[in-house]
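This is coords_30.cif (mmCIF, C-alpha atoms and all ligand atoms).
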```
data_protein
#
loop_
_atom_site.label_atom_id
_atom_site.label_comp_id
_atom_site.auth_asym_id
_atom_site.auth_seq_id
_atom_site.Cartn_x
_atom_site.Cartn_y
_atom_site.Cartn_z
CA MET A 30 -25.44 -9.16 -15.91
CA LYS A 31 -23.50 -8.46 -12.72
CA LEU A 32 -25.14 -9.63 -9.50
CA LEU A 33 -25.45 -6.16 -7.93
CA GLU A 34 -26.01 -4.11 -11.10
CA GLY A 35 -28.36 -1.21 -10.31
CA LYS A 36 -28.02 -1.65 -6.56
CA CYS A 37 -26.69 1.01 -4.19
CA GLY A 38 -25.89 0.67 -0.52
CA VAL A 39 -23.85 1.46 2.55
CA ILE A 40 -20.85 -0.47 3.85
CA THR A 41 -19.51 0.35 7.31
CA GLY A 42 -16.28 -0.80 8.96
CA VAL A 43 -13.46 -0.21 6.49
CA VAL A 44 -10.49 0.91 8.57
CA ASN A 45 -7.67 -0.45 6.36
CA HIS A 46 -6.98 -2.88 3.51
CA ARG A 47 -7.24 -5.86 5.88
CA SER A 48 -10.81 -5.04 6.98
CA ILE A 49 -13.41 -7.64 6.06
CA ALA A 50 -15.60 -4.70 4.97
CA TRP A 51 -12.93 -3.63 2.48
CA GLU A 52 -13.01 -6.98 0.72
CA ILE A 53 -16.82 -6.82 0.72
CA ALA A 54 -16.67 -3.33 -0.81
CA LYS A 55 -14.28 -4.53 -3.53
CA VAL A 56 -16.38 -7.56 -4.44
CA PHE A 57 -19.61 -5.52 -4.42
CA SER A 58 -17.99 -2.89 -6.64
CA GLU A 59 -16.72 -5.55 -9.08
CA ASN A 60 -20.29 -6.80 -9.24
CA GLY A 61 -21.75 -3.47 -10.27
CA ALA A 62 -22.87 -1.93 -6.96
CA GLN A 63 -22.69 1.77 -6.12
CA ILE A 64 -21.04 2.00 -2.72
CA ILE A 65 -21.24 4.50 0.10
CA LEU A 66 -18.58 3.91 2.77
CA THR A 67 -18.83 5.08 6.37
CA TYR A 68 -15.98 5.12 8.84
CA GLY A 69 -15.64 5.67 12.60
CA ASN A 70 -12.89 7.94 13.86
CA GLU A 71 -9.91 6.59 11.92
CA ASP A 72 -9.58 8.15 8.44
CA ARG A 73 -5.97 7.28 7.61
CA TRP A 74 -6.77 4.88 4.74
CA ILE A 75 -10.44 5.23 3.94
CA PHE A 76 -10.27 7.94 1.25
CA LYS A 77 -7.41 6.24 -0.60
CA LEU A 78 -9.26 2.91 -0.52
CA ALA A 79 -12.57 4.51 -1.52
CA SER A 80 -10.99 5.98 -4.64
CA LYS A 81 -9.83 2.49 -5.72
CA ILE A 82 -13.41 1.27 -6.02
CA ASN A 83 -14.96 4.59 -7.08
CA ALA A 84 -17.09 4.72 -3.96
CA VAL A 85 -19.81 7.30 -4.60
CA LYS A 86 -19.55 8.77 -1.10
CA VAL A 87 -17.47 8.51 2.07
CA LEU A 88 -19.12 9.65 5.30
CA LYS A 89 -17.89 9.84 8.86
CA CYS A 90 -20.10 7.97 11.29
CA ASP A 91 -18.96 7.21 14.81
CA VAL A 92 -21.76 4.93 15.98
CA THR A 93 -21.50 6.16 19.58
CA ASN A 94 -22.81 9.50 18.30
CA SER A 95 -26.53 9.13 17.52
CA GLU A 96 -26.73 12.64 16.02
CA GLU A 97 -23.88 11.89 13.64
CA MET A 98 -25.49 8.59 12.64
CA LYS A 99 -28.83 10.27 11.96
CA GLU A 100 -27.13 12.96 9.86
CA THR A 101 -25.16 10.31 7.96
CA CYS A 102 -28.33 8.36 7.13
CA GLU A 103 -30.11 11.57 6.08
CA LYS A 104 -27.20 12.53 3.81
CA VAL A 105 -27.44 9.12 2.16
CA GLN A 106 -31.17 9.58 1.68
CA SER A 107 -30.92 13.13 0.30
CA GLU A 108 -28.26 12.15 -2.23
CA PHE A 109 -29.26 8.62 -3.21
CA GLY A 110 -32.94 8.35 -2.26
CA THR A 111 -33.13 4.70 -1.34
CA ILE A 112 -30.64 1.91 -0.66
CA ASP A 113 -30.57 -1.79 -1.47
CA PHE A 114 -28.05 -3.11 1.04
CA PHE A 115 -26.48 -2.23 4.36
CA VAL A 116 -23.36 -3.97 5.68
CA HIS A 117 -22.63 -3.72 9.41
CA SER A 118 -18.97 -4.63 9.99
CA ILE A 119 -18.32 -2.92 13.30
CA ALA A 120 -17.31 -4.30 16.69
CA TYR A 121 -15.48 -3.14 19.77
CA ALA A 122 -14.44 -4.44 23.19
CA SER A 123 -11.59 -3.04 25.23
CA GLY A 124 -8.43 -5.13 25.42
CA ASN A 125 -8.54 -5.04 29.21
CA ASP A 126 -12.06 -6.45 29.33
CA LEU A 127 -11.17 -9.17 26.83
CA LYS A 128 -8.12 -10.18 28.83
CA ALA A 129 -9.88 -10.02 32.19
CA GLY A 130 -12.41 -12.77 31.46
CA VAL A 131 -16.18 -12.32 31.55
CA ILE A 132 -16.32 -12.46 35.34
CA ASN A 133 -14.21 -9.30 35.63
CA THR A 134 -15.83 -7.32 32.82
CA SER A 135 -16.30 -3.66 33.70
CA LYS A 136 -19.80 -2.18 33.48
CA ALA A 137 -18.57 0.73 31.37
CA GLY A 138 -16.72 -1.65 29.04
CA PHE A 139 -19.77 -3.92 28.73
CA LEU A 140 -22.08 -1.04 27.85
CA LYS A 141 -19.65 0.44 25.33
CA SER A 142 -19.13 -2.89 23.62
CA MET A 143 -22.88 -3.50 23.37
CA GLU A 144 -23.49 0.03 22.10
CA ILE A 145 -20.89 -0.20 19.34
CA SER A 146 -21.20 -3.87 18.40
CA VAL A 147 -24.95 -4.44 18.75
CA PHE A 148 -27.10 -1.36 19.27
CA SER A 149 -25.52 0.33 16.26
CA LEU A 150 -27.03 -2.37 14.00
CA ILE A 151 -30.49 -1.69 15.42
CA GLU A 152 -30.02 2.08 15.23
CA PHE A 153 -28.79 1.99 11.62
CA CYS A 154 -31.77 -0.18 10.65
CA HIS A 155 -34.11 2.22 12.43
CA ASN A 156 -32.64 5.22 10.59
CA PHE A 157 -32.51 3.52 7.20
CA TYR A 158 -35.91 1.81 7.44
CA PRO A 159 -37.78 4.54 5.51
CA PHE A 160 -35.07 4.54 2.82
CA PHE A 161 -34.62 0.81 2.32
CA ASN A 162 -35.98 -0.43 -0.99
CA ASN A 163 -38.32 -3.39 -0.85
CA ASN A 164 -36.04 -6.39 -1.18
CA ALA A 165 -33.10 -4.66 0.52
CA SER A 166 -30.55 -6.76 2.39
CA VAL A 167 -28.92 -6.13 5.78
CA ILE A 168 -25.75 -8.09 6.53
CA SER A 169 -23.76 -8.17 9.76
CA LEU A 170 -20.70 -10.06 11.00
CA SER A 171 -20.41 -12.46 13.89
CA TYR A 172 -18.19 -15.20 15.24
CA LEU A 173 -18.64 -18.67 16.77
CA GLY A 174 -18.01 -17.13 20.21
CA ALA A 175 -21.69 -16.06 20.05
CA GLU A 176 -22.78 -19.71 20.27
CA ARG A 177 -20.02 -21.36 22.28
CA VAL A 178 -17.29 -20.44 24.71
CA CYS A 179 -14.25 -19.53 22.62
CA ALA A 180 -11.03 -18.91 24.55
CA GLY A 181 -10.28 -15.22 24.91
CA TYR A 182 -13.46 -14.05 23.12
CA ASN A 183 -15.16 -13.25 26.45
CA LEU A 184 -17.15 -9.98 26.33
CA MET A 185 -17.17 -10.03 22.54
CA GLY A 186 -18.96 -13.39 22.67
CA ILE A 187 -21.77 -11.86 24.71
CA ALA A 188 -22.01 -8.97 22.26
CA LYS A 189 -22.11 -11.34 19.28
CA SER A 190 -24.87 -13.44 20.91
CA ALA A 191 -26.88 -10.25 21.28
CA LEU A 192 -26.11 -9.30 17.68
CA GLU A 193 -27.33 -12.67 16.40
CA SER A 194 -30.49 -12.33 18.46
CA ALA A 195 -31.04 -8.77 17.22
CA ASN A 196 -30.65 -10.11 13.68
CA LYS A 197 -33.62 -12.45 14.16
CA TYR A 198 -35.87 -9.76 15.62
CA LEU A 199 -34.82 -7.28 12.95
CA ALA A 200 -35.56 -9.89 10.28
CA ASN A 201 -39.08 -10.10 11.66
CA ASP A 202 -39.57 -6.32 11.75
CA LEU A 203 -37.92 -5.63 8.39
CA GLY A 204 -39.73 -8.50 6.71
CA GLU A 205 -42.87 -6.33 6.64
CA LYS A 206 -41.21 -4.57 3.67
CA GLN A 207 -39.57 -7.72 2.24
CA ILE A 208 -36.25 -6.50 3.63
CA ARG A 209 -34.04 -9.29 4.92
CA SER A 210 -31.38 -9.40 7.61
CA ASN A 211 -28.69 -12.05 7.92
CA VAL A 212 -25.46 -12.64 9.78
CA ILE A 213 -22.23 -14.11 8.47
CA SER A 214 -20.38 -15.98 11.22
CA ALA A 215 -16.81 -15.84 9.97
CA GLY A 216 -13.81 -17.88 11.03
CA PRO A 217 -10.80 -15.94 12.33
CA VAL A 218 -9.15 -13.53 9.88
CA ARG A 219 -6.06 -11.37 10.40
CA THR A 220 -7.55 -7.89 10.73
CA LEU A 221 -7.02 -5.05 13.19
CA ALA A 222 -9.97 -6.25 15.30
CA GLY A 223 -8.90 -9.89 14.98
CA ILE A 224 -5.31 -9.49 16.12
CA GLY A 225 -6.49 -7.56 19.17
CA LEU A 226 -8.00 -10.75 20.60
CA PRO A 227 -6.06 -12.80 23.14
CA ASN A 228 -5.00 -16.19 21.63
CA PHE A 229 -5.54 -14.96 18.07
CA ALA A 230 -2.15 -16.04 16.68
CA GLU A 231 -2.45 -19.47 18.29
CA MET A 232 -5.98 -19.88 16.97
CA ILE A 233 -4.99 -19.08 13.38
CA GLU A 234 -2.05 -21.44 13.60
CA LYS A 235 -3.91 -24.46 15.01
CA ARG A 236 -7.43 -24.11 13.76
CA ALA A 237 -7.16 -25.07 10.09
CA ALA A 238 -6.22 -28.64 10.97
CA LEU A 239 -9.44 -28.98 12.98
CA CYS A 240 -11.79 -27.89 10.16
CA PRO A 241 -13.41 -30.30 7.67
CA ILE A 242 -11.90 -28.07 4.95
CA LYS A 243 -8.36 -27.87 6.24
CA GLN A 244 -7.82 -24.20 5.53
CA ASN A 245 -8.32 -20.94 7.34
CA ILE A 246 -10.74 -18.56 5.70
CA THR A 247 -9.92 -15.21 4.10
CA GLN A 248 -11.68 -11.87 3.86
CA GLN A 249 -12.59 -12.85 0.32
CA ASP A 250 -14.49 -15.94 1.45
CA VAL A 251 -16.65 -13.70 3.62
CA ALA A 252 -17.07 -11.16 0.82
CA LYS A 253 -18.35 -13.80 -1.61
CA THR A 254 -21.03 -14.88 0.88
CA ALA A 255 -21.94 -11.23 1.46
CA LEU A 256 -22.32 -10.87 -2.31
CA PHE A 257 -24.79 -13.76 -2.35
CA LEU A 258 -26.70 -12.22 0.58
CA ALA A 259 -26.87 -8.77 -1.03
CA SER A 260 -27.96 -10.20 -4.39
CA ASN A 261 -31.43 -11.33 -5.45
CA LEU A 262 -30.18 -14.93 -5.20
CA SER A 263 -30.91 -14.84 -1.46
CA GLU A 264 -34.34 -13.16 -1.68
CA ARG A 265 -36.12 -15.56 0.67
CA ILE A 266 -33.35 -16.05 3.22
CA THR A 267 -33.69 -14.00 6.39
CA GLY A 268 -32.90 -14.18 10.10
CA GLU A 269 -30.11 -16.67 9.38
CA VAL A 270 -26.55 -17.10 10.55
CA LEU A 271 -24.37 -18.42 7.73
CA HIS A 272 -21.09 -19.91 8.88
CA VAL A 273 -18.11 -19.14 6.67
CA ASP A 274 -15.55 -21.05 8.69
CA SER A 275 -14.33 -24.04 6.65
CA GLY A 276 -16.89 -26.09 8.61
CA TYR A 277 -15.24 -25.63 12.02
CA SER A 278 -18.58 -25.04 13.75
CA VAL A 279 -20.00 -28.45 12.81
CA MET A 280 -17.19 -30.39 14.48
CA GLY A 281 -17.57 -32.10 17.83
CA THR A 282 -14.63 -34.22 18.89
CA TRP A 283 -11.91 -34.81 16.34
CA SER A 284 -9.10 -37.20 15.72
CA GLU A 285 -6.13 -36.99 13.39
CA LYS A 286 -7.26 -40.38 12.06
CA SER A 287 -10.50 -38.89 10.75
CA SER A 288 -8.50 -37.05 8.12
CA GLU A 289 -7.38 -40.32 6.53
CA VAL A 290 -10.63 -40.78 4.59
CA LYS A 291 -9.76 -41.65 0.97
N1 LIG A 301 -11.32 -10.72 12.11
C1 LIG A 301 -11.96 -11.79 12.54
O1 LIG A 301 -11.36 -12.81 12.87
C2 LIG A 301 -13.47 -11.77 12.61
C3 LIG A 301 -14.15 -12.99 12.71
C4 LIG A 301 -15.55 -13.00 12.78
C5 LIG A 301 -16.23 -11.79 12.79
N2 LIG A 301 -15.54 -10.61 12.70
C6 LIG A 301 -16.31 -9.37 12.71
O2 LIG A 301 -16.13 -8.68 11.49
C7 LIG A 301 -16.44 -7.30 11.70
C8 LIG A 301 -15.33 -6.46 11.10
O3 LIG A 301 -14.12 -6.64 11.80
P1 LIG A 301 -12.72 -6.85 11.06
O4 LIG A 301 -12.20 -8.14 11.51
O5 LIG A 301 -12.84 -6.55 9.62
O6 LIG A 301 -11.80 -5.75 11.78
P2 LIG A 301 -11.55 -4.21 11.47
O7 LIG A 301 -10.75 -3.71 12.64
O8 LIG A 301 -10.97 -4.01 10.14
O9 LIG A 301 -13.02 -3.60 11.51
C9 LIG A 301 -13.68 -3.21 12.69
C10 LIG A 301 -14.34 -1.90 12.38
O10 LIG A 301 -15.14 -1.44 13.47
C11 LIG A 301 -15.08 -0.01 13.41
N3 LIG A 301 -15.53 0.64 14.63
C12 LIG A 301 -15.14 0.40 15.91
N4 LIG A 301 -15.73 1.31 16.72
C13 LIG A 301 -16.50 2.12 15.93
C14 LIG A 301 -17.33 3.24 16.18
N5 LIG A 301 -17.50 3.75 17.41
N6 LIG A 301 -17.99 3.80 15.13
C15 LIG A 301 -17.83 3.33 13.88
N7 LIG A 301 -17.04 2.28 13.57
C16 LIG A 301 -16.39 1.69 14.60
C17 LIG A 301 -13.59 0.25 13.15
O11 LIG A 301 -13.35 1.57 12.72
C18 LIG A 301 -13.31 -0.79 12.08
O12 LIG A 301 -13.56 -0.25 10.79
C19 LIG A 301 -16.62 -7.13 13.20
O13 LIG A 301 -17.99 -7.19 13.50
C20 LIG A 301 -15.89 -8.35 13.75
O14 LIG A 301 -16.34 -8.71 15.04
C21 LIG A 301 -14.19 -10.59 12.60
#
```

The structure given in the file should be rewritten as structure tokens.
Ligand SMILES: NC(=O)c1ccc[n+]([C@@H]2O[C@H](COP(=O)([O-])OP(=O)(O)OC[C@H]3O[C@@H](n4cnc5c(N)ncnc54)[C@H](O)[C@@H]3O)[C@@H](O)[C@H]2O)c1
Amino acid sequence: MKLLEGKCGVITGVVNHRSIAWEIAKVFSENGAQIILTYGNEDRWIFKLASKINAVKVLKCDVTNSEEMKETCEKVQSEFGTIDFFVHSIAYASGNDLKAGVINTSKAGFLKSMEISVFSLIEFCHNFYPFFNNNASVISLSYLGAERVCAGYNLMGIAKSALESANKYLANDLGEKQIRSNVISAGPVRTLAGIGLPNFAEMIEKRAALCPIKQNITQQDVAKTALFLASNLSERITGEVLHVDSGYSVMGTWSEKSSEVK
């Protein structure tokens, strides 16, 4: 039996074929899930991609529009009743704020980033709460910049810290109905959001050598962990941050010599 057979849920954040959410949608579909996709304001690729995995529905949902989000969640409920998973794969910070450093972050940019990257997770969970099946799974995406200073990550790091904290509190609230909430902290991947970060190209180039597993990660690595988190295999895991980063986050100092272990 496929891991997500009989399960139906919502995946946000597919903007093109490089999106982490797209790989998650593909892997979930291959594993028997019925998938509803939501997108923000960019619809250039979403319908074409949705048809490749026979997504059961595609809905527009700009998370800065609370009315639109409420309507989207109600449409899901009226057509599908309940859902078994929700994937939050949405983030935003303006290029200017990222470049400027935290100390020069604009108030408007800060609030917008928090609204899109953090509050939207809480608001989706609030809207879906009555329609989540017992044993449903909420999954969101973060980065090491939530825990440590990562060059160029700046405002996004603050937003990801808040997201990881929200995940814990949501896990506590949702746990009342045996619903779980977990974060995947992914290593850098070449996506639209990724390449918008200062230092991204340099990071991809140099990072693999510093990881215990000397390889950068791919969208598929994240998708396989999301599959585990959406499946019944992870039933008693909640409030966690799972690092999918070839082990980069466990390293302290490093030396080229340490890679000579036979
Ligand atoms: N790419 C990386 O290196 C990396 C690493 C760790 C975590 N992440 C996280 O993974 C998630 C997905 O990003 P990605 O790398 O796949 O990039 P992506 O650009 O493919 O996805 C980002 C998504 O956010 C959506 N979005 C932005 N504003 C929105 C709004 N107002 N309403 C609705 N949707 C909106 C975009 O439409 C897009 O689909 C993000 O949370 C990102 O921070 C990415």

Which residues come within 12 Å of Thr134 of chain A, counting only C-alpha atoms, excluding same-chain residues fewer than 2 positions away, as an mmCIF file with C-alpha atoms, in the frame of the given file?
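Printed below is result_18.cif as written:
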```
data_model
loop_
_atom_site.group_PDB
_atom_site.id
_atom_site.type_symbol
_atom_site.label_atom_id
_atom_site.label_comp_id
_atom_site.auth_asym_id
_atom_site.auth_seq_id
_atom_site.Cartn_x
_atom_site.Cartn_y
_atom_site.Cartn_z
ATOM 1 C CA ALA A 122 -14.440 -4.440 23.190
ATOM 2 C CA SER A 123 -11.590 -3.040 25.230
ATOM 3 C CA GLY A 124 -8.430 -5.130 25.420
ATOM 4 C CA ASN A 125 -8.540 -5.040 29.210
ATOM 5 C CA ASP A 126 -12.060 -6.450 29.330
ATOM 6 C CA LEU A 127 -11.170 -9.170 26.830
ATOM 7 C CA LYS A 128 -8.120 -10.180 28.830
ATOM 8 C CA ALA A 129 -9.880 -10.020 32.190
ATOM 9 C CA GLY A 130 -12.410 -12.770 31.460
ATOM 10 C CA VAL A 131 -16.180 -12.320 31.550
ATOM 11 C CA ILE A 132 -16.320 -12.460 35.340
ATOM 12 C CA LYS A 136 -19.800 -2.180 33.480
ATOM 13 C CA ALA A 137 -18.570 0.730 31.370
ATOM 14 C CA GLY A 138 -16.720 -1.650 29.040
ATOM 15 C CA PHE A 139 -19.770 -3.920 28.730
ATOM 16 C CA LEU A 140 -22.080 -1.040 27.850
ATOM 17 C CA LYS A 141 -19.650 0.440 25.330
ATOM 18 C CA SER A 142 -19.130 -2.890 23.620
ATOM 19 C CA ASN A 183 -15.160 -13.250 26.450
ATOM 20 C CA LEU A 184 -17.150 -9.980 26.330
ATOM 21 C CA MET A 185 -17.170 -10.030 22.540
ATOM 22 C CA ILE A 187 -21.770 -11.860 24.710
#
```

Selected residue, from A:Ala259, A:Asn211, A:Ala191, A:Tyr68, that lies nearest to Asn164 of chain A when counting only C-alpha atoms: A:Ala259

Which residues are near ligand LIG 301 (chain A) in this structure, taking near to mean any atom at most 8 Å from a ligand atom and counting all atoms listed in the file? Format them as a PDB file with C-alpha atoms, keeping the file's coordinate frame.
```pdb
ATOM      1  CA  THR A  41     -19.510   0.350   7.310  1.00  0.00           C
ATOM      2  CA  GLY A  42     -16.280  -0.800   8.960  1.00  0.00           C
ATOM      3  CA  VAL A  43     -13.460  -0.210   6.490  1.00  0.00           C
ATOM      4  CA  VAL A  44     -10.490   0.910   8.570  1.00  0.00           C
ATOM      5  CA  ASN A  45      -7.670  -0.450   6.360  1.00  0.00           C
ATOM      6  CA  HIS A  46      -6.980  -2.880   3.510  1.00  0.00           C
ATOM      7  CA  ARG A  47      -7.240  -5.860   5.880  1.00  0.00           C
ATOM      8  CA  SER A  48     -10.810  -5.040   6.980  1.00  0.00           C
ATOM      9  CA  ILE A  49     -13.410  -7.640   6.060  1.00  0.00           C
ATOM     10  CA  ALA A  50     -15.600  -4.700   4.970  1.00  0.00           C
ATOM     11  CA  TRP A  51     -12.930  -3.630   2.480  1.00  0.00           C
ATOM     12  CA  THR A  67     -18.830   5.080   6.370  1.00  0.00           C
ATOM     13  CA  TYR A  68     -15.980   5.120   8.840  1.00  0.00           C
ATOM     14  CA  GLY A  69     -15.640   5.670  12.600  1.00  0.00           C
ATOM     15  CA  ASN A  70     -12.890   7.940  13.860  1.00  0.00           C
ATOM     16  CA  GLU A  71      -9.910   6.590  11.920  1.00  0.00           C
ATOM     17  CA  CYS A  90     -20.100   7.970  11.290  1.00  0.00           C
ATOM     18  CA  ASP A  91     -18.960   7.210  14.810  1.00  0.00           C
ATOM     19  CA  VAL A  92     -21.760   4.930  15.980  1.00  0.00           C
ATOM     20  CA  THR A  93     -21.500   6.160  19.580  1.00  0.00           C
ATOM     21  CA  ASN A  94     -22.810   9.500  18.300  1.00  0.00           C
ATOM     22  CA  HIS A 117     -22.630  -3.720   9.410  1.00  0.00           C
ATOM     23  CA  SER A 118     -18.970  -4.630   9.990  1.00  0.00           C
ATOM     24  CA  ILE A 119     -18.320  -2.920  13.300  1.00  0.00           C
ATOM     25  CA  ALA A 120     -17.310  -4.300  16.690  1.00  0.00           C
ATOM     26  CA  TYR A 121     -15.480  -3.140  19.770  1.00  0.00           C
ATOM     27  CA  ILE A 145     -20.890  -0.200  19.340  1.00  0.00           C
ATOM     28  CA  SER A 146     -21.200  -3.870  18.400  1.00  0.00           C
ATOM     29  CA  SER A 169     -23.760  -8.170   9.760  1.00  0.00           C
ATOM     30  CA  LEU A 170     -20.700 -10.060  11.000  1.00  0.00           C
ATOM     31  CA  SER A 171     -20.410 -12.460  13.890  1.00  0.00           C
ATOM     32  CA  TYR A 172     -18.190 -15.200  15.240  1.00  0.00           C
ATOM     33  CA  LEU A 173     -18.640 -18.670  16.770  1.00  0.00           C
ATOM     34  CA  MET A 185     -17.170 -10.030  22.540  1.00  0.00           C
ATOM     35  CA  LYS A 189     -22.110 -11.340  19.280  1.00  0.00           C
ATOM     36  CA  ILE A 213     -22.230 -14.110   8.470  1.00  0.00           C
ATOM     37  CA  SER A 214     -20.380 -15.980  11.220  1.00  0.00           C
ATOM     38  CA  ALA A 215     -16.810 -15.840   9.970  1.00  0.00           C
ATOM     39  CA  GLY A 216     -13.810 -17.880  11.030  1.00  0.00           C
ATOM     40  CA  PRO A 217     -10.800 -15.940  12.330  1.00  0.00           C
ATOM     41  CA  VAL A 218      -9.150 -13.530   9.880  1.00  0.00           C
ATOM     42  CA  ARG A 219      -6.060 -11.370  10.400  1.00  0.00           C
ATOM     43  CA  THR A 220      -7.550  -7.890  10.730  1.00  0.00           C
ATOM     44  CA  LEU A 221      -7.020  -5.050  13.190  1.00  0.00           C
ATOM     45  CA  ALA A 222      -9.970  -6.250  15.300  1.00  0.00           C
ATOM     46  CA  GLY A 223      -8.900  -9.890  14.980  1.00  0.00           C
ATOM     47  CA  ILE A 224      -5.310  -9.490  16.120  1.00  0.00           C
ATOM     48  CA  GLN A 248     -11.680 -11.870   3.860  1.00  0.00           C
TER      49      GLN A 248
END
```

Sphere at (-14.8, 5.6, -11.3), radius 12 Å, counting all atoms listed in the file: residues as a PDB file with C-alpha atoms, keeping the file's coordinate frame:
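Okay, this is what ended up in selection02.pdb:
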```pdb
ATOM      1  CA  SER A  58     -17.990  -2.890  -6.640  1.00  0.00           C
ATOM      2  CA  GLU A  59     -16.720  -5.550  -9.080  1.00  0.00           C
ATOM      3  CA  GLY A  61     -21.750  -3.470 -10.270  1.00  0.00           C
ATOM      4  CA  ALA A  62     -22.870  -1.930  -6.960  1.00  0.00           C
ATOM      5  CA  GLN A  63     -22.690   1.770  -6.120  1.00  0.00           C
ATOM      6  CA  ILE A  64     -21.040   2.000  -2.720  1.00  0.00           C
ATOM      7  CA  ALA A  79     -12.570   4.510  -1.520  1.00  0.00           C
ATOM      8  CA  SER A  80     -10.990   5.980  -4.640  1.00  0.00           C
ATOM      9  CA  LYS A  81      -9.830   2.490  -5.720  1.00  0.00           C
ATOM     10  CA  ILE A  82     -13.410   1.270  -6.020  1.00  0.00           C
ATOM     11  CA  ASN A  83     -14.960   4.590  -7.080  1.00  0.00           C
ATOM     12  CA  ALA A  84     -17.090   4.720  -3.960  1.00  0.00           C
ATOM     13  CA  VAL A  85     -19.810   7.300  -4.600  1.00  0.00           C
ATOM     14  CA  LYS A  86     -19.550   8.770  -1.100  1.00  0.00           C
TER      15      LYS A  86
END
```

Ref. answer, residues at most 12 Å from (-28.4, 10.1, 1.2) with only C-alpha atoms, as a ChimeraX atom specification: /A:37-39,64-67,85-88,98-112,156-157,159-161

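Considering all atoms listed in the file, the residue among A:Lys55, A:Lys89, A:Lys31, A:Arg209 positioned nearest to Phe115 of chain A is A:Arg209.
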
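Nearest-residue note for Leu239 of chain A: choosing from A:Trp283, A:Trp74, A:Tyr198, A:Phe257, the minimum distance belongs to A:Trp283, counting all atoms listed in the file.
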
Two-atom distance - atom CA of Leu256 of chain A, atom CA of Asp274 of chain A (Å):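 So the two atoms, atom CA of Leu256 of chain A and atom CA of Asp274 of chain A, lie 16.4 Å apart.
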
Atom CA of Ala255 of chain A to atom CA of Glu52 of chain A, straight-line distance in Å: 9.9 Å

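One distance worth recording is that between atom CA of Ser135 of chain A and atom CA of Arg177 of chain A, which is 21.4 Å.
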
Selected residue of minimal separation from Leu226 of chain A among A:Ile40, A:Ile75, A:Ala180, A:Ile151, counting all atoms listed in the file: A:Ala180

Closest of A:Glu144, A:Ser275, A:Tyr158, A:Glu176 to Arg236 of chain A - atom-to-atom distances counting all atoms listed in the file: A:Ser275

Given all atoms listed in the file as the counted atoms, nearest of A:Val270, A:Ala238, A:Leu192, A:Leu78 to Val147 of chain A: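 Among A:Val270, A:Ala238, A:Leu192, A:Leu78, it is A:Leu192 that comes nearest to Val147 of chain A.
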